[in-house]
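Read the structure below first, then the notes.
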Amino acid sequence: MSDWQPTASLDALLLRHRLRSHIRRLFDDAGFIEVETPCLSSESVIDAHLDPIEVPFDRASQSYLQTSPEAHMKRLLSAGAPSIYQLTRSFRAGEIGDRHNPEFSMLEWYALGWSIDDQIKFISRLVESSIDEVGLGSSRVFSLPRIVTYSELVRELTGIDALETTPMACFDVLIEHGISIPAGMDKSPLDDWLNLVWAGIVEPSLVDQGIVYVTDYPARQAALARLSPSDPRVALRFELYLNGLEICNGYDELTDPDELDARMQSQQSIRASLGKEPLRPPSRLIEAQRAHFPACTGVALGFDRLMMWLIGSTQISDVISFPWGRA
């Protein structure tokens with residue numbers, strides 16, 4: 001095949017069109033309004049492990065293609081917007097592989113008055129109805145979702161307590177499972193060890209488990225989620241896995257602007273320790289939260305990955321027309 005041609009089949013692109021239309025109807029019927037926010041901004045939400053694509057804007061400034069629409073959507077909420085959703089393009093530097101493309105489609109939404117349980121029910125309805133919409137109901141059996149905490153899952157598969165463990169305990173269980181330890185890990189923080197346990201032991205086990213919601217992530221992995229008022233060791237955060245494929249990330253959103261500022265500074269410090277360039281912090285988002293930010297829950301869902309799961313593909317190139325190698 002010549003490299004001018006799309007990598008996705010025309011049938012897959014037709015299914016993609018149908019899924020986009022279906023999702024918009026689902027959100028409209030649920031009372032959300034669709035919004036549009038900038039892909040290019042002078043600021044970026046800071047995540048130590050996500051790198052935005054920098055774009056020279058003029059001789060004096062640098063801008064970023066957004067890794068997600070989060071900051072701008074939250075500024076709309078601060079301005080008084082109701083529950084909102086967006087199906088847009090997002091960008092992440094260096095993310096190329098079977099499941100990654102530097103430019104990808106993100107479905108993100110924020111619901112006022114919804115709990116994490118409400119979001120899980122809504123996502124389950126989205127997934128189930130999407131199976132029917134793309135005509136794959138006969139080949140996909142929709143099993144009842146499993147909802148399990150991060151700690152329960154890690155303990156079940158490794159025997160360690162993720163909230164109280166140590167790097168040495170993680171080292172022992174990794175060796176026991178025959179997983180090689182990268183060089184330099186002896187100086188790494190506990191979260192890096194837990195991420196290695198998760199990627200090497202936990203995630204592979206999810207391939208045969210169907211639909212799994214993992215909840216209550218360790219507080220150190222809160223990102224922009226609130227900490228649990230009943231157990232501050234955990235964050236009100238969840239992720240959805242479909243046969244081991246990570247599909248979405250959801251939060252009971254952080255509303256405290258001082259805590260938001262502190263977390264951005266912490267992520268900036270981690271970036272520095274990894275030898276990465278500092279990012280311009282989202283000062284407008286912090287200012288918006290100081291003015292007003294409503295209690296809400298938010299979810300970011302990888303639209304391309306949902307498509308992959310629906311058609312049974314392991315390659316993102318099967319569901320997008322022109323991945324990076326042909327862009």
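Just so we're on the same page: first chain in the structure tokens is A, next is B, and so on; residues restart at 1 for each chain, and ligands are numbered from 1 in the order they show up.
Every protein or nucleic acid residue with an atom no more than 10 Å from A:Asn249, counting only C-alpha atoms and leaving out same-chain residues fewer than 6 positions away, appears here: Glu108, Tyr213, Val214, Thr215, Arg237, Phe238, Glu239, Leu240, Tyr241, Gly298, Val299, Ala300, Leu301 and Gly302 of chain A.
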Taking N, CA and C atoms for each residue, export the selection above as a PDB file, in the first residue's frame.
ATOM      1  N   GLU A 108     -14.093  14.483  26.420  1.00  0.00           N
ATOM      2  CA  GLU A 108     -13.970  14.923  27.806  1.00  0.00           C
ATOM      3  C   GLU A 108     -15.264  15.585  28.236  1.00  0.00           C
ATOM      4  N   TYR A 213     -13.596  -1.262  36.327  1.00  0.00           N
ATOM      5  CA  TYR A 213     -13.365   0.086  36.843  1.00  0.00           C
ATOM      6  C   TYR A 213     -12.460  -0.027  38.061  1.00  0.00           C
ATOM      7  N   VAL A 214     -11.324   0.653  38.011  1.00  0.00           N
ATOM      8  CA  VAL A 214     -10.398   0.684  39.138  1.00  0.00           C
ATOM      9  C   VAL A 214     -10.589   2.021  39.845  1.00  0.00           C
ATOM     10  N   THR A 215     -10.893   1.989  41.140  1.00  0.00           N
ATOM     11  CA  THR A 215     -11.201   3.206  41.893  1.00  0.00           C
ATOM     12  C   THR A 215     -10.191   3.431  43.015  1.00  0.00           C
ATOM     13  N   ARG A 237     -10.553   9.069  42.391  1.00  0.00           N
ATOM     14  CA  ARG A 237     -10.168   8.920  40.983  1.00  0.00           C
ATOM     15  C   ARG A 237     -10.459   7.486  40.534  1.00  0.00           C
ATOM     16  N   PHE A 238     -10.857   7.313  39.277  1.00  0.00           N
ATOM     17  CA  PHE A 238     -11.063   5.966  38.752  1.00  0.00           C
ATOM     18  C   PHE A 238     -10.573   5.889  37.313  1.00  0.00           C
ATOM     19  N   GLU A 239     -10.309   4.669  36.863  1.00  0.00           N
ATOM     20  CA  GLU A 239      -9.981   4.414  35.467  1.00  0.00           C
ATOM     21  C   GLU A 239     -10.803   3.228  34.982  1.00  0.00           C
ATOM     22  N   LEU A 240     -11.117   3.246  33.690  1.00  0.00           N
ATOM     23  CA  LEU A 240     -11.841   2.142  33.065  1.00  0.00           C
ATOM     24  C   LEU A 240     -10.897   1.376  32.154  1.00  0.00           C
ATOM     25  N   TYR A 241     -10.898   0.045  32.314  1.00  0.00           N
ATOM     26  CA  TYR A 241     -10.163  -0.845  31.432  1.00  0.00           C
ATOM     27  C   TYR A 241     -11.151  -1.763  30.714  1.00  0.00           C
ATOM     28  N   GLY A 298     -15.384  14.822  36.511  1.00  0.00           N
ATOM     29  CA  GLY A 298     -14.965  14.919  35.119  1.00  0.00           C
ATOM     30  C   GLY A 298     -14.337  13.635  34.629  1.00  0.00           C
ATOM     31  N   VAL A 299     -14.464  13.414  33.317  1.00  0.00           N
ATOM     32  CA  VAL A 299     -13.922  12.198  32.706  1.00  0.00           C
ATOM     33  C   VAL A 299     -13.256  12.562  31.387  1.00  0.00           C
ATOM     34  N   ALA A 300     -12.091  11.970  31.135  1.00  0.00           N
ATOM     35  CA  ALA A 300     -11.419  12.073  29.847  1.00  0.00           C
ATOM     36  C   ALA A 300     -11.331  10.671  29.251  1.00  0.00           C
ATOM     37  N   LEU A 301     -11.895  10.495  28.067  1.00  0.00           N
ATOM     38  CA  LEU A 301     -11.991   9.178  27.440  1.00  0.00           C
ATOM     39  C   LEU A 301     -11.296   9.207  26.084  1.00  0.00           C
ATOM     40  N   GLY A 302     -10.451   8.215  25.839  1.00  0.00           N
ATOM     41  CA  GLY A 302      -9.771   8.110  24.557  1.00  0.00           C
ATOM     42  C   GLY A 302     -10.701   7.542  23.498  1.00  0.00           C
TER      43      GLY A 302
END
Test item, helix (DSSP H, G or I) assignment across stretch 162-267 of chain A, answer as a PyMOL selection string: chain A and resi 167-176+185-187+190-208+219-221+257-267
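Among A:Leu224, A:Ile120, A:Ser78, A:Val127, the residue with the shortest atom-to-atom distance to A:Leu19, counting only C-alpha atoms, is A:Val127.
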Filtered DSSP result for stretch 3-220 of chain A, state strand (DSSP E), as number ranges by chain: A: 33-34, 40-41, 53-58, 61-65, 84-91, 103-112, 146-149, 211-218
For the selection just defined, write its residues with N, CA and C atoms to a file, as a short mmCIF file (atom, residue, chain, number, x, y, z; two decimals), in the first residue's frame.
data_model
loop_
_atom_site.label_atom_id
_atom_site.label_comp_id
_atom_site.auth_asym_id
_atom_site.auth_seq_id
_atom_site.Cartn_x
_atom_site.Cartn_y
_atom_site.Cartn_z
N ILE A 33 -24.19 20.26 27.29
CA ILE A 33 -24.02 21.07 26.10
C ILE A 33 -22.61 20.87 25.56
N GLU A 34 -22.50 20.86 24.23
CA GLU A 34 -21.18 20.69 23.61
C GLU A 34 -20.48 22.03 23.52
N LEU A 40 -4.61 25.34 20.93
CA LEU A 40 -3.33 26.04 21.08
C LEU A 40 -3.46 27.08 22.18
N SER A 41 -2.55 27.05 23.14
CA SER A 41 -2.63 27.96 24.28
C SER A 41 -1.22 28.34 24.74
N ILE A 53 3.19 19.42 22.97
CA ILE A 53 3.97 19.80 21.79
C ILE A 53 4.08 21.31 21.77
N GLU A 54 5.31 21.81 21.81
CA GLU A 54 5.52 23.26 21.83
C GLU A 54 5.47 23.82 20.41
N VAL A 55 4.86 24.99 20.30
CA VAL A 55 4.70 25.65 19.00
C VAL A 55 5.23 27.08 19.11
N PRO A 56 6.23 27.45 18.32
CA PRO A 56 6.67 28.85 18.34
C PRO A 56 5.53 29.75 17.85
N PHE A 57 5.14 30.70 18.69
CA PHE A 57 4.01 31.57 18.33
C PHE A 57 4.50 32.86 17.68
N ASP A 58 5.49 33.45 18.31
CA ASP A 58 6.14 34.61 17.72
C ASP A 58 7.57 34.63 18.27
N SER A 61 7.52 34.45 22.33
CA SER A 61 6.75 33.53 23.17
C SER A 61 6.63 32.14 22.56
N GLN A 62 6.34 31.20 23.43
CA GLN A 62 6.14 29.81 23.05
C GLN A 62 4.74 29.41 23.48
N SER A 63 4.07 28.61 22.67
CA SER A 63 2.74 28.12 23.01
C SER A 63 2.73 26.60 22.96
N TYR A 64 1.62 26.03 23.42
CA TYR A 64 1.52 24.58 23.52
C TYR A 64 0.24 24.08 22.86
N LEU A 65 0.36 23.01 22.08
CA LEU A 65 -0.82 22.25 21.70
C LEU A 65 -1.26 21.47 22.94
N ILE A 84 -20.93 20.08 30.68
CA ILE A 84 -20.42 20.28 29.33
C ILE A 84 -19.62 19.07 28.86
N TYR A 85 -19.55 18.93 27.52
CA TYR A 85 -18.72 17.88 26.94
C TYR A 85 -18.04 18.42 25.69
N GLN A 86 -17.00 17.70 25.24
CA GLN A 86 -16.27 18.10 24.05
C GLN A 86 -15.61 16.86 23.43
N LEU A 87 -15.71 16.74 22.12
CA LEU A 87 -15.02 15.71 21.37
C LEU A 87 -14.03 16.44 20.49
N THR A 88 -12.74 16.38 20.85
CA THR A 88 -11.77 17.28 20.26
C THR A 88 -10.45 16.57 20.00
N ARG A 89 -9.51 17.30 19.45
CA ARG A 89 -8.16 16.78 19.22
C ARG A 89 -7.26 17.19 20.37
N SER A 90 -6.41 16.27 20.79
CA SER A 90 -5.41 16.53 21.81
C SER A 90 -4.06 16.07 21.28
N PHE A 91 -2.99 16.56 21.93
CA PHE A 91 -1.64 16.35 21.39
C PHE A 91 -0.67 16.04 22.53
N GLU A 103 -1.21 12.98 17.84
CA GLU A 103 -2.48 13.69 17.72
C GLU A 103 -3.60 12.66 17.81
N PHE A 104 -4.55 12.88 18.70
CA PHE A 104 -5.59 11.87 18.91
C PHE A 104 -6.90 12.54 19.31
N SER A 105 -7.97 11.76 19.35
CA SER A 105 -9.29 12.29 19.68
C SER A 105 -9.62 12.02 21.14
N MET A 106 -10.00 13.06 21.84
CA MET A 106 -10.34 12.99 23.25
C MET A 106 -11.81 13.38 23.45
N LEU A 107 -12.52 12.54 24.17
CA LEU A 107 -13.87 12.88 24.61
C LEU A 107 -13.78 13.23 26.09
N GLU A 108 -14.09 14.48 26.42
CA GLU A 108 -13.97 14.92 27.81
C GLU A 108 -15.26 15.58 28.24
N TRP A 109 -15.67 15.33 29.49
CA TRP A 109 -16.90 15.94 29.97
C TRP A 109 -16.85 16.18 31.47
N TYR A 110 -17.66 17.15 31.90
CA TYR A 110 -17.76 17.53 33.31
C TYR A 110 -19.23 17.63 33.67
N ALA A 111 -19.61 16.95 34.75
CA ALA A 111 -21.01 16.88 35.16
C ALA A 111 -21.18 17.53 36.52
N LEU A 112 -22.04 18.53 36.58
CA LEU A 112 -22.37 19.16 37.86
C LEU A 112 -23.35 18.26 38.61
N ARG A 146 -16.89 -4.94 36.54
CA ARG A 146 -16.32 -5.17 37.86
C ARG A 146 -15.80 -3.84 38.38
N ILE A 147 -16.13 -3.49 39.61
CA ILE A 147 -15.64 -2.27 40.24
C ILE A 147 -14.77 -2.69 41.42
N VAL A 148 -13.49 -2.31 41.37
CA VAL A 148 -12.53 -2.76 42.37
C VAL A 148 -11.58 -1.62 42.68
N THR A 149 -11.16 -1.50 43.92
CA THR A 149 -10.21 -0.45 44.26
C THR A 149 -8.81 -0.82 43.80
N ILE A 211 -14.77 -5.78 31.51
CA ILE A 211 -14.94 -4.38 31.85
C ILE A 211 -14.63 -4.17 33.32
N VAL A 212 -13.58 -3.39 33.60
CA VAL A 212 -13.13 -3.21 34.98
C VAL A 212 -12.94 -1.73 35.27
N TYR A 213 -13.60 -1.26 36.33
CA TYR A 213 -13.36 0.09 36.84
C TYR A 213 -12.46 -0.03 38.06
N VAL A 214 -11.32 0.65 38.01
CA VAL A 214 -10.40 0.68 39.14
C VAL A 214 -10.59 2.02 39.85
N THR A 215 -10.89 1.99 41.14
CA THR A 215 -11.20 3.21 41.89
C THR A 215 -10.19 3.43 43.01
N ASP A 216 -10.30 4.59 43.65
CA ASP A 216 -9.53 4.89 44.86
C ASP A 216 -8.03 4.72 44.67
N TYR A 217 -7.48 5.49 43.74
CA TYR A 217 -6.03 5.46 43.51
C TYR A 217 -5.30 6.05 44.71
N PRO A 218 -4.04 5.65 44.93
CA PRO A 218 -3.27 6.25 46.03
C PRO A 218 -3.22 7.77 45.90
#
Long-range neighbours of stretch 44-48 of chain A as a list of chain:residue names, 6 Å cut-off, only C-alpha atoms, 4 positions minimum in chain: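 Final neighbour list, sorted by chain and number: A:Met264, A:Gln267, A:Ile270, A:Arg271, A:Pro281, A:Pro282.
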Selection file, C-alpha atoms, as a compact mmCIF listing (two decimals), in the first residue's frame:
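Below is the file that was written, again_10.txt:
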# COMPACT_ATOMS: atom_id res chain seq x y z
CA MET A 264 1.29 22.11 39.66
CA GLN A 267 4.69 18.27 39.07
CA ILE A 270 9.28 16.18 39.28
CA ARG A 271 9.77 17.28 35.68
CA PRO A 281 1.73 26.88 34.53
CA PRO A 282 -2.01 27.29 33.99
Pick from A:Val35, A:Val134, A:Ile123, A:Ala71 nearest to A:His22, counting only C-alpha atoms: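 Ranked by minimum distance to A:His22, first place goes to A:Val134.
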Spatial neighbours of A:His177, max dist 12 Å, only C-alpha atoms, sep filter under 6 positions, as a list in words: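 What passes the distance filter is Leu157, Thr158, Cys170, Phe171, Leu196, Val197, Gly200, Ile201 and Val202 of chain A.
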Include C-alpha atoms and write out the residues we just selected as a PDB file, in the first residue's frame.
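Saved file result-v5.pdb follows:
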ATOM      1  CA  LEU A 157      -2.357 -10.097  42.445  1.00  0.00           C
ATOM      2  CA  THR A 158       0.771  -9.425  44.495  1.00  0.00           C
ATOM      3  CA  CYS A 170       7.743  -3.877  45.269  1.00  0.00           C
ATOM      4  CA  PHE A 171      11.239  -5.019  44.269  1.00  0.00           C
ATOM      5  CA  LEU A 196       6.189  -0.848  37.491  1.00  0.00           C
ATOM      6  CA  VAL A 197       4.115  -3.339  39.498  1.00  0.00           C
ATOM      7  CA  GLY A 200       4.123  -5.525  34.745  1.00  0.00           C
ATOM      8  CA  ILE A 201       1.672  -7.504  36.852  1.00  0.00           C
ATOM      9  CA  VAL A 202      -1.713  -5.830  37.251  1.00  0.00           C
TER      10      VAL A 202
END
